[in-house]
Structures are given as C-alpha cells and as structure tokens.
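Okay, start10.txt is below, compact mmCIF, C-alpha atoms:
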# COMPACT_ATOMS: atom_id res chain seq x y z
CA MET H 1 2.14 13.63 26.16
CA ASP H 2 -0.24 14.68 23.39
CA ILE H 3 -0.31 12.08 20.56
CA GLU H 4 0.73 14.55 17.86
CA LYS H 5 3.70 15.73 19.90
CA GLU H 6 4.63 12.16 20.81
CA LEU H 7 4.66 11.28 17.12
CA THR H 8 6.72 14.27 16.00
CA VAL H 9 9.03 15.18 18.88
CA GLY H 10 8.55 12.26 21.29
CA ARG H 11 9.08 8.53 20.87
CA GLY H 12 7.57 8.58 17.39
CA TYR H 13 5.01 5.90 18.21
CA VAL H 14 1.96 5.62 20.43
CA VAL H 15 -0.34 2.78 21.46
CA PHE H 16 -3.94 3.97 21.46
CA PRO H 17 -7.44 2.52 21.88
CA ILE H 18 -9.34 2.07 18.61
CA GLU H 19 -12.22 4.55 18.55
CA ASN H 20 -14.83 2.70 16.48
CA THR H 21 -14.67 -0.80 17.84
CA ASP H 22 -17.78 -1.79 15.83
CA THR H 23 -15.98 -1.00 12.58
CA PHE H 24 -12.89 -2.83 13.75
CA ASN H 25 -14.94 -5.87 14.77
CA LYS H 26 -16.51 -5.84 11.30
CA LEU H 27 -13.00 -5.70 9.85
CA ARG H 28 -12.02 -8.80 11.82
CA ASN H 29 -15.23 -10.61 10.81
CA SER H 30 -14.58 -9.69 7.21
CA PHE H 31 -11.07 -11.14 7.50
CA VAL H 32 -12.47 -14.40 8.94
CA GLU H 33 -15.04 -14.60 6.14
CA LYS H 34 -12.53 -13.90 3.37
CA ILE H 35 -9.76 -16.20 4.54
CA ASN H 36 -12.28 -19.07 4.49
CA ILE H 37 -13.34 -18.46 0.85
CA SER H 38 -11.48 -21.29 -0.87
CA LYS H 39 -11.13 -23.65 2.07
CA LYS H 40 -12.63 -23.55 5.55
CA ILE H 41 -9.87 -22.85 8.06
CA GLY H 42 -11.78 -21.88 11.17
CA ASP H 43 -14.88 -20.19 12.54
CA ASN H 44 -13.10 -17.59 14.62
CA ILE H 45 -9.79 -15.76 14.75
CA ASP H 46 -8.14 -18.10 17.28
CA GLN H 47 -9.09 -21.25 15.36
CA ILE H 48 -7.63 -19.66 12.23
CA ARG H 49 -4.47 -18.61 14.07
CA LYS H 50 -3.96 -22.14 15.36
CA LYS H 51 -4.39 -23.67 11.90
CA LEU H 52 -2.11 -21.08 10.28
CA ALA H 53 0.62 -21.77 12.86
CA LYS H 54 0.92 -25.31 11.51
CA MET H 55 0.84 -24.47 7.82
CA THR H 56 3.85 -24.37 5.50
CA LYS H 57 4.88 -21.05 3.98
CA ALA H 58 3.45 -22.18 0.62
CA GLU H 59 0.10 -23.09 2.21
CA ILE H 60 -0.05 -19.72 3.95
CA ASN H 61 0.71 -17.88 0.71
CA LYS H 62 -2.04 -19.84 -1.04
CA THR H 63 -4.46 -18.95 1.74
CA MET H 64 -3.50 -15.29 1.58
CA VAL H 65 -4.62 -15.13 -2.06
CA ASN H 66 -8.17 -15.14 -0.62
CA LEU H 67 -7.41 -11.79 0.97
CA LEU H 68 -6.96 -10.11 -2.41
CA SER H 69 -10.72 -9.54 -2.28
CA PHE H 70 -10.28 -7.45 0.88
CA ASN H 71 -10.57 -4.23 -1.14
CA ASP H 72 -11.87 -1.97 1.61
CA LEU H 73 -9.37 -2.85 4.33
CA SER H 74 -7.65 0.56 4.13
CA GLU H 75 -10.91 2.44 4.55
CA MET H 76 -11.98 0.15 7.39
CA ILE H 77 -8.80 0.78 9.38
CA ILE H 78 -9.00 4.55 8.77
CA ASN H 79 -12.68 4.59 9.73
CA SER H 80 -11.87 2.72 12.92
CA CYS H 81 -9.78 5.69 14.08
CA PRO H 82 -11.39 8.75 12.42
CA THR H 83 -10.78 11.37 15.12
CA LEU H 84 -7.08 10.61 15.38
CA VAL H 85 -6.60 10.49 11.61
CA LYS H 86 -8.47 13.78 11.15
CA ARG H 87 -6.50 15.44 13.91
CA LEU H 88 -3.19 14.45 12.38
CA CYS H 89 -3.95 14.84 8.68
CA GLY H 90 -7.36 16.45 8.17
CA SER H 91 -10.18 14.80 6.30
CA GLU H 92 -8.68 14.84 2.80
CA LEU H 93 -6.15 12.08 2.61
CA PHE H 94 -3.92 9.96 0.49
CA ILE H 95 -4.34 6.44 1.86
CA GLN H 96 -2.74 3.17 0.92
CA ARG H 97 -4.62 1.68 -2.02
CA ARG H 98 -4.42 -1.82 -0.59
CA ALA H 99 -3.73 -2.09 3.14
CA HIS H 100 -1.71 -5.06 4.32
CA THR H 101 -2.70 -8.06 6.36
CA ILE H 102 0.32 -9.77 7.86
CA ILE H 103 0.40 -13.31 9.12
CA ASN H 104 3.38 -14.15 11.31
CA VAL H 105 4.05 -17.78 12.06
CA PRO H 106 5.77 -18.93 15.29
CA GLY H 107 8.94 -21.00 15.42
CA GLU H 108 12.61 -20.76 14.57
CA GLY H 109 13.28 -20.61 10.85
CA GLN H 110 10.14 -18.64 10.13
CA ALA H 111 10.49 -15.34 8.34
CA LYS H 112 11.51 -12.46 10.57
CA GLN H 113 10.90 -8.86 9.67
CA TRP H 114 14.29 -7.19 9.94
CA PRO H 115 14.35 -3.69 11.43
CA HIS H 116 13.40 -0.96 9.00
CA TYR H 117 11.72 2.40 8.91
CA GLU H 118 8.82 2.97 6.59
CA LEU H 119 10.50 5.86 4.79
CA MET H 120 12.84 3.32 3.17
CA SER H 121 9.98 2.24 0.93
CA GLY H 122 9.49 5.74 -0.47
CA ILE H 123 6.41 6.87 1.43
CA SER H 124 6.31 10.55 2.35
CA PRO H 125 7.92 11.79 5.58
CA PHE H 126 4.46 13.17 6.37
CA SER H 127 2.89 9.69 6.41
CA TYR H 128 1.75 7.77 9.44
CA VAL H 129 1.22 4.06 9.86
CA ILE H 130 -1.53 2.45 11.90
CA TRP H 131 -0.79 -1.15 12.86
CA ALA H 132 -3.38 -3.24 14.67
CA PRO H 133 -3.48 -6.91 15.69
CA LEU H 134 -6.71 -8.85 15.10
CA HIS H 135 -6.43 -10.48 18.55
CA ASP H 136 -4.68 -9.99 21.89
CA LEU H 137 -0.90 -10.06 21.66
CA GLN H 138 0.24 -11.89 24.76
CA ASP H 139 3.41 -13.51 23.43
CA GLN H 140 6.46 -12.24 21.56
CA GLY H 141 4.62 -12.29 18.23
CA GLY H 142 4.13 -8.53 18.10
CA VAL H 143 6.33 -5.78 16.78
CA TYR H 144 9.10 -3.94 18.59
CA TYR H 145 9.67 -0.23 18.07
CA ILE H 146 12.89 1.71 18.53
CA ASP H 147 12.47 5.17 20.02
CA GLN H 148 12.58 7.90 17.38
CA LYS H 149 15.67 9.52 18.89
CA LYS H 150 17.68 6.31 18.66
CA SER H 151 16.22 5.51 15.24
CA TYR H 152 17.38 8.91 13.99
CA GLU H 153 20.85 8.50 15.49
CA ILE H 154 21.23 5.23 13.60
CA MET H 155 19.83 6.72 10.42
CA LYS H 156 22.24 9.65 10.69
CA LYS H 157 25.24 7.42 11.36
CA GLU H 158 24.35 5.28 8.36
CA GLU H 159 23.92 8.38 6.21
CA GLU H 160 27.44 9.52 7.19
CA ASP H 161 28.75 6.07 6.27
CA GLY H 162 26.83 6.10 2.98
CA LEU H 163 24.69 3.15 4.00
CA VAL H 164 21.02 2.41 4.41
CA ASN H 165 19.88 -0.63 6.36
CA GLY H 166 23.38 -1.80 7.12
CA PRO H 167 24.77 -3.89 9.98
CA THR H 168 23.93 -1.36 12.72
CA VAL H 169 20.28 -1.67 11.88
CA LEU H 170 20.38 -5.41 11.46
CA ASN H 171 22.10 -5.83 14.83
CA LEU H 172 19.04 -4.30 16.45
CA MET H 173 17.24 -7.58 15.86
CA THR H 174 18.74 -9.14 18.94
CA GLU H 175 17.08 -8.88 22.34
CA GLN H 176 14.13 -6.77 21.30
CA LYS H 177 10.88 -7.01 23.22
CA PRO H 178 7.74 -6.70 21.12
CA THR H 179 4.96 -4.51 22.49
CA LEU H 180 2.13 -6.43 24.18
CA MET H 181 -1.34 -5.28 23.12
CA LYS H 182 -5.02 -6.10 23.46
CA PHE H 183 -7.46 -6.58 20.62
CA GLY H 184 -8.97 -3.12 20.13
CA GLU H 185 -5.66 -1.35 20.55
CA ALA H 186 -3.44 -0.12 17.74
CA ILE H 187 -0.06 1.52 17.30
CA ILE H 188 0.47 4.62 15.25
CA PHE H 189 4.01 5.53 14.27
CA ASN H 190 5.88 7.91 12.03
CA PRO H 191 7.98 6.72 9.06
CA PHE H 192 11.31 7.27 10.85
CA VAL H 193 10.75 4.83 13.70
CA LEU H 194 12.73 1.63 13.31
CA HIS H 195 10.67 -1.48 13.96
CA GLY H 196 10.64 -5.18 13.25
CA ASN H 197 9.71 -8.50 14.76
CA VAL H 198 11.50 -11.48 16.25
CA THR H 199 10.91 -15.23 16.11
CA PHE H 200 8.50 -16.33 18.79
CA LYS H 201 7.11 -19.44 20.42
CA SER H 202 3.36 -19.96 20.46
CA GLU H 203 0.60 -22.31 19.38
CA PHE H 204 -0.89 -19.41 17.46
CA ALA H 205 0.11 -17.37 14.44
CA ARG H 206 -0.06 -13.59 14.72
CA ILE H 207 -2.43 -11.73 12.42
CA ALA H 208 -2.34 -7.96 12.06
CA CYS H 209 -3.31 -5.30 9.58
CA ASN H 210 -1.73 -1.95 8.78
CA VAL H 211 -2.36 1.09 6.67
CA ARG H 212 -0.31 4.10 5.64
CA PHE H 213 -1.86 7.54 5.18
CA GLN H 214 -0.99 11.22 4.90
CA SER H 215 -2.68 14.54 4.36
CA TYR H 216 -3.68 15.24 0.76
CA TYR H 217 -2.09 18.66 1.22
CA LYS H 218 1.36 17.36 2.19
CA PRO H 219 4.03 16.42 -0.37
CA LEU H 220 4.46 12.90 -1.69
CA LEU H 221 7.85 11.21 -1.96
CA GLN H 222 8.24 8.19 -4.29
CA LYS H 223 4.89 6.49 -3.73
CA ASN H 224 2.19 7.72 -6.04
CA THR H 225 -0.94 6.26 -7.66
CA ASP H 226 0.73 2.84 -7.63
CA TYR H 227 0.41 2.79 -3.85
CA LEU H 228 -1.91 5.57 -2.75
CA LYS H 229 -5.39 6.77 -3.50
CA TYR H 230 -7.33 9.88 -2.60
CA TYR H 231 -9.80 9.39 0.23
CA LYS H 232 -12.11 11.82 2.00
CA LEU H 233 -12.93 10.99 5.59
CA VAL H 234 -16.54 11.93 6.27
CA MET G 235 -13.17 -9.50 -29.21
CA SER G 236 -9.53 -8.90 -28.27
CA VAL G 237 -7.61 -8.43 -25.08
CA VAL G 238 -4.80 -5.99 -25.73
CA THR G 239 -1.93 -4.36 -23.87
CA VAL G 240 -0.74 -0.89 -24.77
CA THR G 241 2.75 0.50 -24.38
CA THR G 242 3.38 4.26 -24.46
CA ASP G 243 6.14 6.80 -23.95
CA LEU G 244 8.38 5.83 -21.02
CA ASN G 245 7.45 9.01 -19.14
CA ILE G 246 4.24 8.04 -17.39
CA GLY G 247 3.31 10.72 -14.88
CA PRO G 248 5.88 10.43 -12.09
CA TYR G 249 7.10 7.05 -13.38
CA LYS G 250 9.74 6.30 -15.98
CA ILE G 251 9.10 2.81 -17.38
CA PRO G 252 10.72 1.54 -20.59
CA SER G 253 8.36 -0.33 -22.91
CA ASN G 254 9.77 -3.76 -22.07
CA GLY G 255 9.20 -2.91 -18.39
CA GLN G 256 5.66 -1.83 -19.24
CA ASN G 257 5.11 -5.17 -20.97
CA MET G 258 6.41 -7.05 -17.94
CA ILE G 259 4.05 -5.15 -15.64
CA MET G 260 1.04 -5.71 -17.92
CA ASN G 261 1.86 -9.37 -18.58
CA ASN G 262 2.09 -10.03 -14.88
CA TYR G 263 -1.22 -8.24 -14.31
CA ALA G 264 -2.87 -10.27 -17.11
CA GLN G 265 -1.56 -13.51 -15.62
CA ARG G 266 -2.96 -12.64 -12.19
CA LYS G 267 -6.34 -11.80 -13.73
CA ASN G 268 -6.37 -14.86 -16.02
CA LEU G 269 -6.45 -12.67 -19.13
CA ILE G 270 -4.94 -13.94 -22.38
CA ILE G 271 -3.31 -11.12 -24.33
CA GLU G 272 -3.92 -11.29 -28.07
CA LEU G 273 -2.31 -8.09 -29.22
CA VAL G 274 0.35 -5.63 -28.05
CA ILE G 275 -0.24 -2.11 -29.32
CA PRO G 276 2.62 0.40 -29.19
CA GLU G 277 1.46 4.00 -28.97
CA PRO G 278 4.04 6.53 -30.18
CA MET G 279 6.38 8.29 -27.82
CA MET G 280 5.62 11.90 -26.86
CA SER G 281 1.90 11.34 -27.19
CA ASN G 282 -0.68 10.59 -24.55
CA GLU G 283 -3.70 10.71 -26.82
CA LEU G 284 -4.13 6.95 -27.22
CA ALA G 285 -5.00 7.61 -30.87
CA THR G 286 -3.63 4.32 -32.24
CA ILE G 287 -5.91 2.15 -30.13
CA GLN G 288 -8.90 4.20 -31.23
CA TRP G 289 -8.41 3.57 -34.94
CA LEU G 290 -7.41 -0.06 -34.31
CA GLN G 291 -10.65 -0.54 -32.43
CA ARG G 292 -12.56 -0.69 -35.74
CA ASP G 293 -10.59 -3.77 -36.87
CA TYR G 294 -9.81 -5.54 -33.65
CA LYS G 295 -12.99 -5.01 -31.63
CA ILE G 296 -11.06 -4.61 -28.40
CA SER G 297 -12.97 -5.87 -25.36
CA LYS G 298 -10.34 -5.46 -22.66
CA LEU G 299 -7.44 -3.05 -22.72
CA ILE G 300 -4.55 -3.10 -20.28
CA LEU G 301 -2.37 -0.08 -19.56
CA CYS G 302 0.29 0.32 -16.89
CA SER G 303 -1.22 3.35 -15.18
CA ILE G 304 -4.10 5.80 -15.07
CA TYR G 305 -1.44 8.42 -15.88
CA GLN G 306 -1.46 7.14 -19.48
CA LEU G 307 -4.98 8.46 -20.10
CA PRO G 308 -5.22 11.61 -22.25
CA ILE G 309 -5.12 14.91 -20.42
CA LYS G 310 -6.94 17.24 -22.80
CA LYS G 311 -10.72 17.28 -22.38
CA LYS G 312 -11.35 16.89 -26.13
CA ARG G 313 -9.08 13.83 -26.30
CA ILE G 314 -10.65 12.12 -23.33
CA GLU G 315 -14.11 12.78 -24.78
CA GLU G 316 -13.07 11.14 -28.06
CA LEU G 317 -11.68 8.18 -26.14
CA LEU G 318 -14.94 7.84 -24.22
CA ILE G 319 -16.95 7.81 -27.45
CA ASN G 320 -14.72 5.40 -29.36
CA MET G 321 -13.96 3.02 -26.51
CA GLN G 322 -17.17 3.15 -24.49
CA ASP G 323 -17.66 -0.63 -24.37
CA VAL G 324 -14.04 -1.44 -23.67
CA GLU G 325 -13.03 -2.57 -20.19
CA PHE G 326 -9.94 -0.64 -19.11
CA HIS G 327 -7.40 -2.18 -16.73
CA PHE G 328 -4.63 -0.22 -15.03
CA ALA G 329 -1.97 -2.58 -13.76
CA LEU G 330 -0.06 -0.42 -11.28
CA GLU G 331 -3.18 0.88 -9.58
CA GLY G 332 -4.90 -2.52 -9.84
CA VAL G 333 -8.20 -0.97 -10.91
CA SER G 334 -10.51 -1.85 -13.80
CA GLY G 335 -13.86 -0.83 -15.19
CA LYS G 336 -15.63 0.57 -18.22
CA GLY G 337 -17.76 3.48 -19.29
CA GLN G 338 -17.73 7.20 -18.76
CA ASP G 339 -18.03 7.21 -14.96
CA PHE G 340 -15.09 4.89 -14.50
CA LEU G 341 -12.73 6.66 -16.90
CA LEU G 342 -13.67 10.08 -15.63
CA SER G 343 -13.05 8.96 -12.05
CA CYS G 344 -9.59 7.80 -13.16
CA THR G 345 -8.78 11.13 -14.80
CA LYS G 346 -10.09 12.93 -11.72
CA GLU G 347 -7.74 10.91 -9.56
CA VAL G 348 -4.83 11.69 -11.88
CA ASN G 349 -5.60 15.39 -11.57
CA MET G 350 -5.68 15.16 -7.78
CA PHE G 351 -2.28 13.49 -7.72
CA LYS G 352 -0.90 16.02 -10.18
CA LYS G 353 -1.78 18.80 -7.76
CA ALA G 354 0.25 17.19 -5.00
CA GLU G 355 3.73 18.47 -4.40
CA ILE G 356 6.43 15.81 -4.81
CA ILE G 357 9.69 15.78 -2.90
CA ASP G 358 12.53 15.06 -5.31
CA SER G 359 14.35 12.16 -3.67
CA THR G 360 17.45 12.82 -5.80
CA LYS G 361 17.82 16.24 -4.22
CA THR G 362 17.33 15.45 -0.56
CA SER G 363 18.85 13.35 2.21
CA TRP G 364 17.55 11.18 5.04
CA SER G 365 18.31 13.94 7.53
CA LYS G 366 16.53 16.59 5.48
CA LEU G 367 13.49 14.35 5.21
CA TYR G 368 13.57 13.86 8.96
CA GLU G 369 13.73 17.61 9.55
CA MET G 370 10.57 18.04 7.48
CA ILE G 371 8.33 16.44 10.08
CA LYS G 372 9.80 18.65 12.77
CA SER G 373 8.87 21.81 10.93
Rendering of file as structure tokens:
Amino acid sequence: MDIEKELTVGRGYVVFPIENTDTFNKLRNSFVEKINISKKIGDNIDQIRKKLAKMTKAEINKTMVNLLSFNDLSEMIINSCPTLVKRLCGSELFIQRRAHTIINVPGEGQAKQWPHYELMSGISPFSYVIWAPLHDLQDQGGVYYIDQKKSYEIMKKEEEDGLVNGPTVLNLMTEQKPTLMKFGEAIIFNPFVLHGNVTFKSEFARIACNVRFQSYYKPLLQKNTDYLKYYKLV
Amino acid sequence: MSVVTVTTDLNIGPYKIPSNGQNMIMNNYAQRKNLIIELVIPEPMMSNELATIQWLQRDYKISKLILCSIYQLPIKKKRIEELLINMQDVEFHFALEGVSGKGQDFLLSCTKEVNMFKKAEIIDSTKTSWSKLYEMIKS
C-alpha cells in the first residue's frame, strides 16, 4: 500500500528505507562525537552501546547532558528523508525544536516506555513521527506498534469511559513484539498509533532518535513555539 | 552589568502562565545556563511593549535578559524598533524556546517566527474530543 494511505487509512505506521544514508551516517557520527565530549565512552556505536548497558541511570543521565549540544538533530533526521517528508507535508514545516535521542538499557527493572499515542502530548493530529535506531535492532530492544484500527478502538473505549491512558492501554504492555530493523531503516507513524517498548535482554543498550513534524499549513494543537519551529525543506 | 528576568502579563501568545510560574521557568533556565539572576523586573499586565526594561536599562546596564517566550516581544513595528535601539547590546534569552542571541538580526528572526506561528490555525482542545481529532486525519 502507498505510504500516505498506510499512514492515514492503513496500519498507521510504516517501516521505510532512509533516503539519504550519507546524512544519516553523519547524524550517527555526530552522536558518537557528542556523547564523548565530557568523557570518552567509545569509538563507535557498538562500543558506546555496550558501555551504556552497564551504566546506572544516573550515569546515563549525566552522559546525556552532552547531547544538549545536538542542536541540529531535527533537521538531520528530516533531511535524511526529504522526499517522504515533502510528499506528506510539503516543504514548509513545523518541526520539533529539539529532536529526541533515546537510550534504552537492557535488563529487568530498567525503565519501560508504557504504551501511548503521541497525540497525548498535545502535538497536532496532522503530525507524523519518524523514529530511527542508530544501529541494527536484532533483539527485543525496539519499539512495538499497535495497528491504528486497534489503537482507535482502545482510544474510543477509553473516551466513552472518560479515561485516557487507563488500564486497557497499560495492559497492552504484555506480550508485545518489538519491530526488528536494520540501521538505515526508520519507522514513520501517525499520532494515533499506540506504541511502547518492553524490557529486553542484551549486552547492548538501544539508541534511537525521533522527530515530530507537520505541514506549516495544518493546524496546531497544544504544542507551539515551546516545542516546534518553522523549517523550510530545500 | 546585570542579568535580569522579566515577568509580564500571564497571557503570552497561546500560553497562560502566572508570574510565579514565569519565574519558575526562567529560574530553571538560568540554572541550566549557569546564569546568576540579579534583578527581577515585572512589566505591567496588558502591555507587551517591554517599556519598563528599556528605561531601567539606563540604571542597571542589563547585559543578559531572560524572558519566558518569544511571544513576549512587542508586536508593533515602532515598539520593536525602539527595543532594538535601546537594548541592542543586550543578550536576550527565551526560556521556553531555549534560544538566545543579541542584535537586530536575532530579535527580528524571533519576531518573524512569532508571526509565522500566529498565522497557524490552532485547534481548541477544550472544544474537541479524541474521536474528532482522529476524524481530522481521515478528511
């Protein structure tokens, strides 16, 4: 199915190959450079992942402060997938002011991302999210996605019950299978698709980045200049 | 040379932030940027001209000025021009947007961004529902 249709009337999410792999490689190199600013962790992504997997939460948070200098991450992700972004939203965009880098550490007791849809945070229904790992995802460290139809059924049921993010959503955490991906692939999904991650076993931490964007000509919801900035894709 | 924070009317563009909330936001920003605040300047309500800071500039020689948002900059061309003249050497910081800089180019780029956001339609979340929002992407 066509990506646009898949995102609006299909599953609501699509795995796709990143178009500008040079830009995405630069993004990964920039991450490696920046995370090593205050203390050398590793020369390449896998060395860094292995070190991060053994760190405490406090040590990881301290390390992540280095990434505050990653000011152009949003633009780099968008420019890695320009044709897709333009096709969905045109070239005038509102993009996330500061894209996220997420480090997920293996092992029981580590933080899990409970299921949620992006709309809960107040981004516009016309937004899309691109999520991309900085390495192959061969274990359960990735993200699982719940088909849009089921996500909507749950959302609707909760709405009838006057609830948002209640037990029905939280119960989805059990027995989910994260999507396996290769470095150079990304997932794009709409803000209604429930997703989350589960605890996983591995020697390596999972590192991924994500960015939210929408057409400049589509309405905003609650996120404004605090979260978004205007960006023109050349 | 002073580092100051400025509180304004609680209606800040699309945000509604009481002055103690504004102070919390700016204090947190200052802490993250290792800035020591020496003065808190309250601008009057129902005014976005930033007139108080401009006449205080003569006495306090403000070097860095923290506001919550770029939405607190004056709207009228004449007012922004006056601000640019009187505060040209002052480094402006906007806590919510996390941006800082000084001079005409920087402040004009901030006002330009405000104008772009002002043109955008905003869905009123108090007058919609999850289902209605979902229907929007189908249309």
Checklist entry - Using all atoms listed in the file, which chain H residues lie at most 6 Å away from chain G, written as a list in words? => result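 Taking all atoms listed in the file into account, Pro219, Leu220, Leu221 and Asp226 of chain H sit within 6 Å of chain G.
Here atom CA of Asn79 of chain H stands at a distance of 7.3 Å from atom CA of Asn20 of chain H.
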Item to check | Near-segment 122-137 of chain H list (6 Å; all atoms listed in the file; drop same-chain fewer than 2 positions) as JSON, numbers by chain | outcome: {"H": [119, 120, 139, 180, 181, 182, 183, 186, 187, 188, 189, 190, 207, 208, 209, 210, 211, 212, 213, 214, 220, 221, 222, 223]}
Checklist entry - Quick one: distance from atom CA of Asn268 of chain G to atom CA of Leu67 of chain H in Å, one decimal? => result 17.3 Å
Item to check | Ala53 of chain H environment, 12 Å, all atoms listed in the file, sequence neighbours closer than 6 positions dropped, as a PyMOL selection string | outcome: chain H and resi 41+46-47+59-60+103-107+110+141+200-207
Checklist entry - In Å, how far is it from atom CA of Ile3 of chain H to atom CA of Leu73 of chain H? => result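 That distance, rounded to one decimal, is 23.8 Å.
Candidate residues H:Thr101, H:Ser38, H:Gln176, H:Ser121 were compared for distance to Val164 of chain H, and the nearest is H:Ser121, using all atoms listed in the file.
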Taking every listed atom of segment 251-259 of chain G and adding 8 Å to each side, what centre and edge lengths in Å (one decimal) does the axis-aligned box have, as JSON?
{"center_x": 7.4, "center_y": -2.1, "center_z": -19.3, "size_x": 22.7, "size_y": 25.9, "size_z": 23.3}
Next on the checklist: Which residues are close to segment 306-310 of chain G, i.e. within 10 Å by only C-alpha atoms, leaving aside same-chain residues fewer than 5 positions away? Reply as a list in words.
Outcome noted: Val240, Thr241, Thr242, Asp243, Asn245, Ile246, Gly247, Ser281, Asn282, Glu283, Leu284, Ala285, Leu301, Glu315, Glu316, Leu317, Phe328, Leu341, Leu342, Cys344, Thr345, Val348 and Asn349 of chain G
Next on the checklist: So that I can see what lies close to Glu92 of chain H, please list as a ChimeraX atom specification the residues with an atom at most 7 Å from it, counting only C-alpha atoms and leaving out residues fewer than 3 positions away in the same chain.
Outcome noted: /H:215-216,231-233
For Phe192 of chain H, work out the shell of residues within 7 Å, counting all atoms listed in the file and skipping chain neighbours fewer than 3 positions away, then give it as an mmCIF file with C-alpha atoms, keeping the file's coordinate frame.
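Once everything was written out, this is part.cif:
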data_model
loop_
_atom_site.group_PDB
_atom_site.id
_atom_site.type_symbol
_atom_site.label_atom_id
_atom_site.label_comp_id
_atom_site.auth_asym_id
_atom_site.auth_seq_id
_atom_site.Cartn_x
_atom_site.Cartn_y
_atom_site.Cartn_z
ATOM 1 C CA TYR H 117 11.720 2.400 8.910
ATOM 2 C CA GLU H 118 8.820 2.970 6.590
ATOM 3 C CA LEU H 119 10.500 5.860 4.790
ATOM 4 C CA GLN H 148 12.580 7.900 17.380
ATOM 5 C CA SER H 151 16.220 5.510 15.240
#
Take segment 293-357 of chain G from the preceding structure and save C-alpha atoms as a short mmCIF file (atom, residue, chain, number, x, y, z; two decimals), in the first residue's frame.
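Generated file (result21.cif):
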data_model
loop_
_atom_site.label_atom_id
_atom_site.label_comp_id
_atom_site.auth_asym_id
_atom_site.auth_seq_id
_atom_site.Cartn_x
_atom_site.Cartn_y
_atom_site.Cartn_z
CA ASP G 293 20.47 52.49 35.53
CA TYR G 294 21.07 48.79 35.53
CA LYS G 295 23.14 48.28 32.38
CA ILE G 296 21.45 44.99 31.61
CA SER G 297 23.75 42.52 29.85
CA LYS G 298 21.52 39.45 29.73
CA LEU G 299 17.75 39.44 29.81
CA ILE G 300 15.62 36.33 30.27
CA LEU G 301 12.01 36.10 29.17
CA CYS G 302 9.75 33.06 29.08
CA SER G 303 8.92 33.19 25.39
CA ILE G 304 9.48 34.96 22.09
CA TYR G 305 5.75 35.74 22.28
CA GLN G 306 6.58 38.40 24.90
CA LEU G 307 8.35 40.59 22.34
CA PRO G 308 6.45 43.70 21.20
CA ILE G 309 4.22 43.30 18.18
CA LYS G 310 4.04 46.83 16.81
CA LYS G 311 6.88 47.74 14.42
CA LYS G 312 7.57 51.06 16.19
CA ARG G 313 7.87 49.32 19.56
CA ILE G 314 10.20 46.63 18.32
CA GLU G 315 12.36 49.28 16.66
CA GLU G 316 12.62 51.18 19.95
CA LEU G 317 13.54 47.96 21.73
CA LEU G 318 16.24 47.25 19.15
CA ILE G 319 17.75 50.71 19.64
CA ASN G 320 17.63 50.74 23.44
CA MET G 321 18.65 47.13 24.02
CA GLN G 322 21.00 46.49 21.11
CA ASP G 323 23.85 45.15 23.25
CA VAL G 324 21.66 43.04 25.48
CA GLU G 325 21.67 39.27 25.07
CA PHE G 326 18.08 38.02 25.02
CA HIS G 327 17.20 34.54 26.29
CA PHE G 328 13.84 32.87 25.73
CA ALA G 329 13.39 30.01 28.15
CA LEU G 330 10.55 28.03 26.59
CA GLU G 331 12.07 28.07 23.12
CA GLY G 332 15.59 27.61 24.50
CA VAL G 333 17.06 30.20 22.15
CA SER G 334 19.35 33.15 22.86
CA GLY G 335 21.20 35.85 20.97
CA LYS G 336 21.58 39.59 20.56
CA GLY G 337 21.27 42.30 17.97
CA GLN G 338 18.81 43.20 15.28
CA ASP G 339 19.06 40.01 13.21
CA PHE G 340 18.38 37.78 16.18
CA LEU G 341 15.41 39.73 17.55
CA LEU G 342 13.88 40.20 14.13
CA SER G 343 14.18 36.47 13.44
CA CYS G 344 12.33 35.86 16.71
CA THR G 345 9.52 38.25 15.80
CA LYS G 346 9.35 36.68 12.34
CA GLU G 347 8.92 33.26 13.93
CA VAL G 348 6.20 34.61 16.22
CA ASN G 349 4.34 35.96 13.20
CA MET G 350 4.60 32.61 11.42
CA PHE G 351 3.13 30.81 14.41
CA LYS G 352 0.40 33.43 14.76
CA LYS G 353 -0.74 32.65 11.23
CA ALA G 354 -1.19 28.98 12.06
CA GLU G 355 -4.65 27.77 12.90
CA ILE G 356 -4.94 26.26 16.38
CA ILE G 357 -7.36 23.51 17.30
#
